[in-house]
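Visitor: Coordinates in entry09.tsv, TSV, C-alpha atoms, are listed below.
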```tsv
chain	number	residue	atom	x	y	z
A	219	SER	CA	126.57	-160.11	-16.40
A	220	LEU	CA	126.40	-159.31	-12.72
A	221	THR	CA	126.72	-155.75	-11.53
A	222	PRO	CA	129.17	-155.40	-8.67
A	223	PRO	CA	127.54	-154.20	-5.45
A	224	GLU	CA	128.13	-150.67	-4.27
A	225	MET	CA	130.93	-150.47	-1.73
A	226	ALA	CA	131.97	-147.79	0.68
A	227	ILE	CA	134.98	-147.58	2.94
A	228	THR	CA	134.35	-145.89	6.26
A	229	ALA	CA	136.85	-145.17	8.98
A	230	LEU	CA	135.85	-146.67	12.29
A	231	PRO	CA	135.88	-144.49	15.40
A	232	LYS	CA	138.65	-144.82	17.98
A	233	SER	CA	136.22	-146.68	20.25
A	234	ALA	CA	136.08	-149.57	17.78
A	235	GLU	CA	139.62	-150.62	18.69
A	236	ALA	CA	138.47	-151.23	22.26
A	237	LEU	CA	134.90	-152.40	21.62
A	238	PHE	CA	134.61	-153.99	18.17
A	239	LEU	CA	135.11	-157.60	19.28
A	240	ASP	CA	132.94	-157.03	22.35
A	241	ASN	CA	130.15	-155.80	20.09
A	242	LEU	CA	130.44	-158.94	17.95
A	243	ARG	CA	130.37	-161.12	21.05
A	244	LEU	CA	127.21	-159.35	22.22
A	245	ILE	CA	125.51	-159.88	18.86
A	246	MET	CA	125.99	-163.63	19.33
A	247	ALA	CA	125.38	-163.77	23.11
A	248	PRO	CA	122.22	-165.40	24.44
A	249	THR	CA	119.89	-162.74	25.82
A	250	GLY	CA	119.67	-162.86	29.60
A	251	GLN	CA	122.83	-164.90	30.15
A	252	VAL	CA	124.85	-162.59	32.38
A	253	ASP	CA	128.64	-162.45	32.34
A	254	ALA	CA	129.20	-159.86	35.07
A	255	GLU	CA	132.94	-159.48	34.42
A	256	PHE	CA	132.43	-158.96	30.68
A	257	LEU	CA	129.57	-156.52	31.28
A	258	ALA	CA	131.69	-154.48	33.72
A	259	ASP	CA	134.50	-154.43	31.15
A	260	VAL	CA	132.21	-153.16	28.37
A	261	ARG	CA	130.80	-150.49	30.69
A	262	ALA	CA	134.33	-149.34	31.62
A	263	LYS	CA	135.52	-149.27	28.00
A	264	ALA	CA	132.44	-147.37	26.80
A	265	ALA	CA	132.88	-144.81	29.57
A	266	ARG	CA	136.26	-143.87	28.03
A	267	TYR	CA	134.46	-142.68	24.88
A	268	PRO	CA	131.68	-140.30	25.99
A	269	GLU	CA	129.26	-139.27	23.23
A	270	ASP	CA	130.83	-141.75	20.80
A	271	ALA	CA	128.05	-143.43	18.82
A	272	PHE	CA	129.79	-146.81	18.47
A	273	ALA	CA	130.64	-146.94	22.18
A	274	GLU	CA	127.09	-145.97	23.14
A	275	MET	CA	125.54	-148.53	20.81
A	276	THR	CA	127.83	-151.29	22.09
A	277	LEU	CA	126.99	-150.36	25.68
A	278	ALA	CA	123.27	-150.30	24.88
A	279	ARG	CA	123.54	-153.77	23.33
A	280	ALA	CA	125.36	-155.02	26.46
A	281	GLU	CA	122.65	-153.59	28.69
A	282	PHE	CA	119.89	-155.17	26.58
A	283	VAL	CA	121.59	-158.56	26.43
A	284	MET	CA	122.84	-158.95	30.00
A	285	GLY	CA	122.67	-155.71	31.94
A	286	ASP	CA	120.12	-153.06	32.84
A	287	VAL	CA	117.46	-152.93	30.10
A	288	ALA	CA	116.28	-149.48	31.24
A	289	ALA	CA	119.84	-148.17	30.80
A	290	GLY	CA	119.94	-149.63	27.28
A	291	GLU	CA	116.60	-147.98	26.46
A	292	ALA	CA	117.84	-144.63	27.80
A	293	ILE	CA	120.92	-144.83	25.58
A	294	MET	CA	118.85	-145.71	22.54
A	295	THR	CA	116.37	-142.89	23.26
A	296	ARG	CA	119.35	-140.50	23.13
A	297	ARG	CA	120.75	-142.13	19.99
A	298	LEU	CA	117.36	-141.97	18.25
A	299	ALA	CA	117.06	-138.28	19.11
A	300	ALA	CA	120.54	-137.66	17.69
A	301	THR	CA	120.17	-139.80	14.55
A	302	PRO	CA	116.49	-140.64	14.01
A	303	GLU	CA	117.02	-141.82	10.44
A	304	ASP	CA	120.06	-144.04	11.00
A	305	LYS	CA	119.25	-147.65	10.08
A	306	GLU	CA	121.62	-149.25	12.62
A	307	THR	CA	120.27	-147.05	15.41
A	308	LEU	CA	116.70	-147.97	14.49
A	309	LEU	CA	117.58	-151.65	14.27
A	310	LEU	CA	119.24	-151.73	17.69
A	311	ALA	CA	116.42	-149.71	19.28
A	312	GLY	CA	113.88	-152.17	17.86
A	313	THR	CA	115.77	-155.36	18.64
A	314	GLY	CA	116.53	-153.96	22.08
A	315	ARG	CA	112.78	-153.93	22.71
A	316	LEU	CA	112.67	-157.59	21.67
A	317	MET	CA	115.50	-158.42	24.08
A	318	ALA	CA	113.63	-156.50	26.78
A	319	GLY	CA	110.62	-158.71	26.06
A	320	ILE	CA	112.69	-161.87	26.36
A	321	ARG	CA	113.99	-160.74	29.76
A	322	ASP	CA	110.65	-159.33	31.00
A	323	GLU	CA	108.14	-162.07	30.20
A	324	ALA	CA	105.29	-160.33	32.08
A	325	ASN	CA	105.52	-157.37	29.68
A	326	ARG	CA	106.70	-159.23	26.58
A	327	THR	CA	103.66	-158.34	24.47
A	328	SER	CA	104.00	-154.60	25.05
A	329	HIS	CA	107.77	-154.68	24.41
A	330	TYR	CA	107.27	-156.60	21.17
A	331	ARG	CA	104.51	-154.30	20.00
A	332	GLU	CA	106.65	-151.23	20.76
A	333	ALA	CA	109.41	-152.71	18.63
A	334	ARG	CA	107.27	-152.92	15.49
A	335	ALA	CA	107.10	-149.26	14.47
A	336	ILE	CA	110.84	-148.87	15.01
A	337	LEU	CA	111.65	-152.03	13.03
A	338	ALA	CA	109.28	-151.04	10.23
A	339	LYS	CA	111.12	-147.73	9.93
A	340	ALA	CA	114.47	-149.56	9.86
A	341	TYR	CA	113.15	-151.83	7.11
A	342	ARG	CA	112.05	-148.83	5.03
A	343	LYS	CA	115.62	-147.49	5.27
A	344	ASP	CA	116.97	-150.60	3.53
A	345	GLU	CA	114.54	-153.21	2.27
A	346	ARG	CA	117.45	-155.48	1.32
A	347	ASP	CA	118.58	-155.86	4.95
A	348	PHE	CA	116.93	-159.00	6.29
A	349	ARG	CA	117.64	-158.18	9.95
A	350	SER	CA	114.85	-155.64	10.38
A	351	LEU	CA	112.32	-157.80	8.55
A	352	PHE	CA	113.24	-160.89	10.57
A	353	ALA	CA	113.02	-158.93	13.84
A	354	TYR	CA	109.66	-157.49	12.78
A	355	ALA	CA	108.32	-161.00	12.13
A	356	TRP	CA	109.69	-162.10	15.52
A	357	SER	CA	107.84	-159.21	17.19
A	358	ARG	CA	104.59	-160.62	15.82
A	359	SER	CA	105.08	-163.90	17.68
A	360	VAL	CA	102.98	-162.61	20.61
A	361	GLU	CA	99.92	-162.05	18.43
A	362	PRO	CA	96.92	-164.40	18.20
A	363	GLY	CA	97.05	-166.54	15.10
A	364	TYR	CA	100.81	-166.26	14.74
A	365	PRO	CA	102.21	-167.21	12.35
A	366	SER	CA	99.90	-165.84	9.70
A	367	GLU	CA	100.49	-166.62	6.03
A	368	ASN	CA	102.20	-163.22	5.73
A	369	ASP	CA	104.42	-163.97	8.74
A	370	VAL	CA	105.53	-167.22	7.12
A	371	ASN	CA	106.26	-165.42	3.83
A	372	VAL	CA	108.30	-162.79	5.66
A	373	LEU	CA	110.31	-165.46	7.47
A	374	LEU	CA	110.88	-167.39	4.24
```
Take the structure in the file and write it out as structure tokens.

Guide:
Amino acid sequence: SLTPPEMAITALPKSAEALFLDNLRLIMAPTGQVDAEFLADVRAKAARYPEDAFAEMTLARAEFVMGDVAAGEAIMTRRLAATPEDKETLLLAGTGRLMAGIRDEANRTSHYREARAILAKAYRKDERDFRSLFAYAWSRSVEPGYPSENDVNVLL
């Protein structure tokens, strides 16, 4: 018989009421496609929740996707200092580097390589979460001989 998965119920922060749907939209948004009105709205909403982790992470994602990549990196540097072992923080910091590479083609290789250590740490936090492993494999796409047999196995 199947064992039911572990479940936990967690209260969302107050900022989630204002930013939850925006965060979902940003997860699905094409990197580099700017919606200036939406970006300004996310920035304004996040500003109402200083030092709120969810608000900061949503703002960082907005900056990586369509805003100021350096601002997103500054937020994630702060978040990593505050919660260096948090899987979601590690995942956004790593994927943020990938988004930076998409938007900054001249420095794509260095951005992607910087992402790897962060994504590897995120993967070690939860080896069942495909997101960090997929992002790690994506970061390897700038390497000679990509995809290797191991890259293909990871992607499969």

Visitor: Report, in Å with one decimal, the straight-line distance from atom CA of Asp253 of chain A to atom CA of Asp286 of chain A.

Guide: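 The value is 12.7 Å.
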
Visitor: Please list as a list of chain:residue names every residue within 8 Å of Arg279 of chain A, counting all atoms listed in the file and excluding residues in the same chain fewer than 5 positions away.

Guide: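 Here the qualifying residues turn out to be A:Asn241, A:Leu244, A:Ile245, A:Gly290, A:Leu310, A:Gly314.
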
Visitor: What's around Ala247 of chain A at 9 Å? Count only C-alpha atoms, leave out sequence neighbours fewer than 5 positions away in its own chain, and write the answer as a VMD selection string.

Guide: chain A and resid 242 283 to 284

Visitor: With C-alpha atoms kept, could you save the residues just selected as a CSV table (one decimal), keeping the file's coordinate frame?

Guide:
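To be explicit, this is the file written out as selection_5.csv:
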```csv
chain,number,residue,atom,x,y,z
A,242,LEU,CA,130.4,-158.9,18.0
A,283,VAL,CA,121.6,-158.6,26.4
A,284,MET,CA,122.8,-159.0,30.0
```

Visitor: Counting all atoms listed in the file, what is within 10 Å of Arg349 of chain A, bar same-chain residues fewer than 6 positions away, as a PDB file with C-alpha atoms, in the frame of the given file?

Guide:
```
ATOM      1  CA  LEU A 309     117.580-151.650  14.270  1.00  0.00           C
ATOM      2  CA  THR A 313     115.770-155.360  18.640  1.00  0.00           C
ATOM      3  CA  LEU A 337     111.650-152.030  13.030  1.00  0.00           C
ATOM      4  CA  ALA A 340     114.470-149.560   9.860  1.00  0.00           C
ATOM      5  CA  TYR A 341     113.150-151.830   7.110  1.00  0.00           C
ATOM      6  CA  ALA A 355     108.320-161.000  12.130  1.00  0.00           C
TER       7      ALA A 355
END
```

Visitor: Please indicate the distance in Å from atom CA of Tyr330 of chain A to atom CA of Phe272 of chain A, rounded to one decimal place.

Guide: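 Answer for the atom CA of Tyr330 of chain A to atom CA of Phe272 of chain A separation: 24.7 Å.
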
Visitor: List the neighbours of Ile336 of chain A out to 10 Å using all atoms listed in the file; skip same-chain residues closer than 3 positions along the sequence, and give me the result as a PyMOL selection string.

Guide: chain A and resi 305+307-313+315+331-333+339-341+350+354

Visitor: Calculate how many Å separate atom CA of Ala300 of chain A from atom CA of Pro248 of chain A, rounding to one decimal.

Guide: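 So the two atoms, atom CA of Ala300 of chain A and atom CA of Pro248 of chain A, lie 28.6 Å apart.
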
Visitor: Between A:Thr276, A:Glu224, A:Glu367, A:Ala254, which is the closest to Ala236 of chain A once you count only C-alpha atoms?

Guide: A:Thr276

Visitor: Taking 5 positions as the minimum chain separation for residues in the same chain, which residues sit within 9 Å of Ala318 of chain A when counting only C-alpha atoms? Answer as a list in words.

Guide: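 My reading of the contact set: Thr249, Phe282, Val283, Val287, Ala288, Thr313, Glu323, Asn325, Arg326, His329 and Tyr330 of chain A.
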
Visitor: Which residue is closest to Asp322 of chain A? Choose from A:Pro223, A:Gly250, A:Pro302, A:Pro231 and count all atoms listed in the file.

Guide: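 Of all the options, A:Gly250 lies closest to Asp322 of chain A.
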
Visitor: Complete segment 360-371 of chain A at the level of all heavy atoms, written as a PDB file, in the frame of the given file.

Guide:
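Wrote it out as result.pdb, contents follow:
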```pdb
ATOM      1  N   VAL A 360     103.863-162.713  19.441  1.00  0.00           N
ATOM      2  CA  VAL A 360     102.980-162.610  20.610  1.00  0.00           C
ATOM      3  C   VAL A 360     101.518-162.415  20.196  1.00  0.00           C
ATOM      4  O   VAL A 360     100.644-162.354  21.068  1.00  0.00           O
ATOM      5  CB  VAL A 360     103.406-161.439  21.539  1.00  0.00           C
ATOM      6  CG1 VAL A 360     104.779-161.710  22.142  1.00  0.00           C
ATOM      7  CG2 VAL A 360     103.371-160.108  20.804  1.00  0.00           C
ATOM      8  N   GLU A 361     101.269-162.334  18.910  1.00  0.00           N
ATOM      9  CA  GLU A 361      99.920-162.050  18.430  1.00  0.00           C
ATOM     10  C   GLU A 361      99.106-163.326  18.221  1.00  0.00           C
ATOM     11  O   GLU A 361      99.656-164.362  17.848  1.00  0.00           O
ATOM     12  CB  GLU A 361      99.983-161.263  17.116  1.00  0.00           C
ATOM     13  CG  GLU A 361     100.680-159.925  17.237  1.00  0.00           C
ATOM     14  CD  GLU A 361     100.065-159.008  18.285  1.00  0.00           C
ATOM     15  OE1 GLU A 361      98.842-159.044  18.512  1.00  0.00           O
ATOM     16  OE2 GLU A 361     100.833-158.248  18.907  1.00  0.00           O
ATOM     17  N   PRO A 362      97.782-163.240  18.467  1.00  0.00           N
ATOM     18  CA  PRO A 362      96.920-164.400  18.200  1.00  0.00           C
ATOM     19  C   PRO A 362      97.018-164.788  16.724  1.00  0.00           C
ATOM     20  O   PRO A 362      97.128-163.934  15.849  1.00  0.00           O
ATOM     21  CB  PRO A 362      95.514-163.884  18.528  1.00  0.00           C
ATOM     22  CG  PRO A 362      95.713-162.656  19.344  1.00  0.00           C
ATOM     23  CD  PRO A 362      97.045-162.084  18.952  1.00  0.00           C
ATOM     24  N   GLY A 363      97.011-166.068  16.466  1.00  0.00           N
ATOM     25  CA  GLY A 363      97.050-166.540  15.100  1.00  0.00           C
ATOM     26  C   GLY A 363      98.432-166.528  14.466  1.00  0.00           C
ATOM     27  O   GLY A 363      98.574-166.759  13.269  1.00  0.00           O
ATOM     28  N   TYR A 364      99.447-166.257  15.273  1.00  0.00           N
ATOM     29  CA  TYR A 364     100.810-166.260  14.740  1.00  0.00           C
ATOM     30  C   TYR A 364     101.245-167.704  14.544  1.00  0.00           C
ATOM     31  O   TYR A 364     100.996-168.535  15.411  1.00  0.00           O
ATOM     32  CB  TYR A 364     101.770-165.572  15.714  1.00  0.00           C
ATOM     33  CG  TYR A 364     103.216-165.588  15.235  1.00  0.00           C
ATOM     34  CD1 TYR A 364     103.675-164.628  14.360  1.00  0.00           C
ATOM     35  CD2 TYR A 364     104.081-166.594  15.644  1.00  0.00           C
ATOM     36  CE1 TYR A 364     104.990-164.641  13.917  1.00  0.00           C
ATOM     37  CE2 TYR A 364     105.395-166.614  15.199  1.00  0.00           C
ATOM     38  CZ  TYR A 364     105.835-165.645  14.337  1.00  0.00           C
ATOM     39  OH  TYR A 364     107.133-165.674  13.886  1.00  0.00           O
ATOM     40  N   PRO A 365     101.849-168.052  13.474  1.00  0.00           N
ATOM     41  CA  PRO A 365     102.210-167.210  12.350  1.00  0.00           C
ATOM     42  C   PRO A 365     101.107-167.173  11.297  1.00  0.00           C
ATOM     43  O   PRO A 365     100.540-168.203  10.951  1.00  0.00           O
ATOM     44  CB  PRO A 365     103.465-167.886  11.790  1.00  0.00           C
ATOM     45  CG  PRO A 365     103.229-169.355  12.056  1.00  0.00           C
ATOM     46  CD  PRO A 365     102.453-169.400  13.362  1.00  0.00           C
ATOM     47  N   SER A 366     100.848-165.987  10.810  1.00  0.00           N
ATOM     48  CA  SER A 366      99.900-165.840   9.700  1.00  0.00           C
ATOM     49  C   SER A 366     100.625-166.239   8.411  1.00  0.00           C
ATOM     50  O   SER A 366     101.845-166.429   8.392  1.00  0.00           O
ATOM     51  CB  SER A 366      99.424-164.396   9.607  1.00  0.00           C
ATOM     52  OG  SER A 366     100.495-163.564   9.180  1.00  0.00           O
ATOM     53  N   GLU A 367      99.875-166.314   7.327  1.00  0.00           N
ATOM     54  CA  GLU A 367     100.490-166.620   6.030  1.00  0.00           C
ATOM     55  C   GLU A 367     101.543-165.560   5.688  1.00  0.00           C
ATOM     56  O   GLU A 367     102.626-165.873   5.187  1.00  0.00           O
ATOM     57  CB  GLU A 367      99.421-166.681   4.938  1.00  0.00           C
ATOM     58  CG  GLU A 367      99.973-167.079   3.588  1.00  0.00           C
ATOM     59  CD  GLU A 367      98.884-167.215   2.530  1.00  0.00           C
ATOM     60  OE1 GLU A 367      97.711-167.428   2.883  1.00  0.00           O
ATOM     61  OE2 GLU A 367      99.231-167.102   1.348  1.00  0.00           O
ATOM     62  N   ASN A 368     101.237-164.292   5.999  1.00  0.00           N
ATOM     63  CA  ASN A 368     102.200-163.220   5.730  1.00  0.00           C
ATOM     64  C   ASN A 368     103.446-163.368   6.605  1.00  0.00           C
ATOM     65  O   ASN A 368     104.558-163.155   6.124  1.00  0.00           O
ATOM     66  CB  ASN A 368     101.548-161.848   5.950  1.00  0.00           C
ATOM     67  CG  ASN A 368     102.438-160.740   5.470  1.00  0.00           C
ATOM     68  OD1 ASN A 368     102.834-160.708   4.310  1.00  0.00           O
ATOM     69  ND2 ASN A 368     102.765-159.828   6.373  1.00  0.00           N
ATOM     70  N   ASP A 369     103.267-163.743   7.872  1.00  0.00           N
ATOM     71  CA  ASP A 369     104.420-163.970   8.740  1.00  0.00           C
ATOM     72  C   ASP A 369     105.341-165.043   8.156  1.00  0.00           C
ATOM     73  O   ASP A 369     106.562-164.885   8.140  1.00  0.00           O
ATOM     74  CB  ASP A 369     103.990-164.385  10.155  1.00  0.00           C
ATOM     75  CG  ASP A 369     103.218-163.307  10.889  1.00  0.00           C
ATOM     76  OD1 ASP A 369     103.522-162.113  10.704  1.00  0.00           O
ATOM     77  OD2 ASP A 369     102.302-163.672  11.657  1.00  0.00           O
ATOM     78  N   VAL A 370     104.752-166.132   7.697  1.00  0.00           N
ATOM     79  CA  VAL A 370     105.530-167.220   7.120  1.00  0.00           C
ATOM     80  C   VAL A 370     106.280-166.726   5.871  1.00  0.00           C
ATOM     81  O   VAL A 370     107.471-167.009   5.696  1.00  0.00           O
ATOM     82  CB  VAL A 370     104.638-168.438   6.777  1.00  0.00           C
ATOM     83  CG1 VAL A 370     105.417-169.486   5.992  1.00  0.00           C
ATOM     84  CG2 VAL A 370     104.073-169.036   8.063  1.00  0.00           C
ATOM     85  N   ASN A 371     105.613-165.961   5.035  1.00  0.00           N
ATOM     86  CA  ASN A 371     106.260-165.420   3.830  1.00  0.00           C
ATOM     87  C   ASN A 371     107.422-164.511   4.199  1.00  0.00           C
ATOM     88  O   ASN A 371     108.474-164.544   3.559  1.00  0.00           O
ATOM     89  CB  ASN A 371     105.255-164.675   2.962  1.00  0.00           C
ATOM     90  CG  ASN A 371     104.319-165.593   2.246  1.00  0.00           C
ATOM     91  OD1 ASN A 371     104.662-166.748   1.948  1.00  0.00           O
ATOM     92  ND2 ASN A 371     103.118-165.134   1.947  1.00  0.00           N
TER      93      ASN A 371
END
```
